[in-house]
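Colleague: So that we are looking at the same thing, I have put the structure below in structure tokens.
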Amino acid sequence: MSAEAPDITGLLRMGDLADQAGVSPATVKHYLREGLLESESDAENGVAIVRTSRNMAYYPPAFVERIRLVRRLQEERFMPLRAIREVLSDGPDRARELVGRRDEIIERALSRRDGDELTPRADLIASTGVPASVLDKFAELRVMGDGVRGYDPDEVRIVQAFLRFRDTGFGDELGFTVYDALRYVEALEPLVREETQTFLHRMVDRDVDPERAVELMLSATDPLRELVGAVHGHVLRRELERERRTD
């Protein structure tokens with residue numbers, strides 16, 4: 001007696017699933033390989049992939065919204081797939097709840113920063129002596145903003161630190177220009193991105209109150225600056241010792 005054919009009523013082929021979700025079949029397959037579409041709660045809720053042969057499978061319509069959610073987390077919140085997989089592990093409803101709390105932390109942190117006093121461009125030039133051409137180049141390189149609305153405290157610190165660096169003797173005559181600042185932005189961006197994702201994940205996963213999370217984030221700013229500076233000095237010494245050994 002032949003085995004009873006599986007019920008595929010209402011299920012979608014790969015191509016139909018991809019079309020409805022607005023992605024390519026290759027993207028769907030990638031999400032499947034990364035474990036982003038099937039959660040532990042799916043079996044209990046009757047949401048499952050039905051395989052009719054080695055090369056043919058049908059997918060639940062619920063995957064359409066799940067794919068869209070993954071895309072939003074990637075494109076709007078820049079979450080890596082590893083973080084998305086962890087957020088989705090308890091199902092899409094739980095994921096939406098966690099994302100909502102995550103967004104609240106972000107909005108509260110940004111609202112605090114939006115309250116920072118801005119320094120007008122003319123005042124920054126007058127108080128530091130920084131050439132306008134340096135500010136323009138920093139803006140062009142995305143080291144800092146264009147200053148149309150003014151410069152926030154961190155941007156002022158960047159200018160002050162750059163000028164102190166130049167005062168030590170590292171100038172154009174030695175080949176050190178504003179382009180050297182870009183190296184630090186490019187090196188720090190992936191570190192800060194990972195740091196931010198880790199912080200948000202831990203705060204949300206541990207149900208930390210959003211206001212408390214923001215307080216923790218802001219209070220860690222100065223210690224982190226000191227830590228980065230100390231690590232830089234230590235790594236520099238280590239690198240010089242390595243260079244000495246290779247001579």
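Lettering and numbering for the structure tokens are positional, with chains as A, B, ... in the shown order, residues counted from 1 in each chain, and ligands counted from 1 in the shown order.
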Using the chain letters and numbers from this document, which residues of segment 35-240 of chain A does DSSP assign to strand (DSSP E), as a ChimeraX atom specification?
Modeller: /A:50-53,56-58
Colleague: Report as a Markdown table: every residue of segment 102-168 of chain A with an atom at most 12 Å from segment 75-91 of chain A, its closest pair of atoms, and their distance in Å to one decimal, counting only C-alpha atoms, with rows sorted by chain and ascending residue number.
Modeller:
| residue | atom | partner | partner_atom | distance |
| --- | --- | --- | --- | --- |
| A:Arg102 | CA | A:Arg77 | CA | 9.9 |
| A:Asp103 | CA | A:Arg77 | CA | 8.9 |
| A:Ile106 | CA | A:Arg77 | CA | 10.3 |
Colleague: Output as CSV one row per residue of segment 67-151 of chain A within 10 Å of segment 203-215 of chain A: the closest atom pair and its distance in Å to one decimal place, counting only C-alpha atoms, sorted by chain and residue number ascending.
Modeller:
residue,atom,partner,partner_atom,distance
A:Glu86,CA,A:Asp205,CA,9.6
A:Val87,CA,A:Asp205,CA,8.7
A:Glu97,CA,A:Val204,CA,9.7
A:Leu98,CA,A:Val204,CA,6.3
A:Val99,CA,A:Val204,CA,8.4
A:Gly100,CA,A:Val204,CA,9.5
A:Arg101,CA,A:Val204,CA,6.6
A:Arg102,CA,A:Val204,CA,6.2
A:Asp103,CA,A:Pro210,CA,9.3
A:Glu104,CA,A:Pro210,CA,6.5
A:Ile105,CA,A:Pro210,CA,4.9
A:Ile106,CA,A:Val214,CA,8.2
A:Glu107,CA,A:Pro210,CA,9.5
A:Arg108,CA,A:Val214,CA,6.9
A:Ala109,CA,A:Val214,CA,5.5
A:Leu110,CA,A:Val214,CA,9.3
A:Arg112,CA,A:Val214,CA,8.7
Colleague: Can you pull out every residue from segment 50-245 of chain A that DSSP, working from the backbone, puts in alpha helix (DSSP H), and format the result as a PyMOL selection string?
Modeller: chain A and resi 62-75+81-88+92-114+121-128+132-140+153-167+179-205+210-219+221-245
Colleague: Please measure the separation of atom CA of Ser53 of chain A and atom CA of Asp7 of chain A, giving the value in Å to one decimal.
Modeller: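 Going from atom CA of Ser53 of chain A over to atom CA of Asp7 of chain A, I get 13.1 Å.
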Colleague: Grab the atom CA of Val70 of chain A to atom CA of Met56 of chain A distance for me, in Å with one decimal place.
Modeller: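 Going from atom CA of Val70 of chain A over to atom CA of Met56 of chain A covers 23.7 Å.
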Colleague: Which is closer to Gly145 of chain A than all the others in A:Ala220, A:Ile49, A:Leu118, A:Leu36, using only C-alpha atoms?
Modeller: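 Looking at the shortest contact to Gly145 of chain A, the residue is A:Leu118.
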Colleague: What is the distance, in Å and to one decimal place, between atom CA of Asp172 of chain A and atom CA of Gly233 of chain A?
Modeller: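 About the pair atom CA of Asp172 of chain A and atom CA of Gly233 of chain A: they are 23.4 Å apart.
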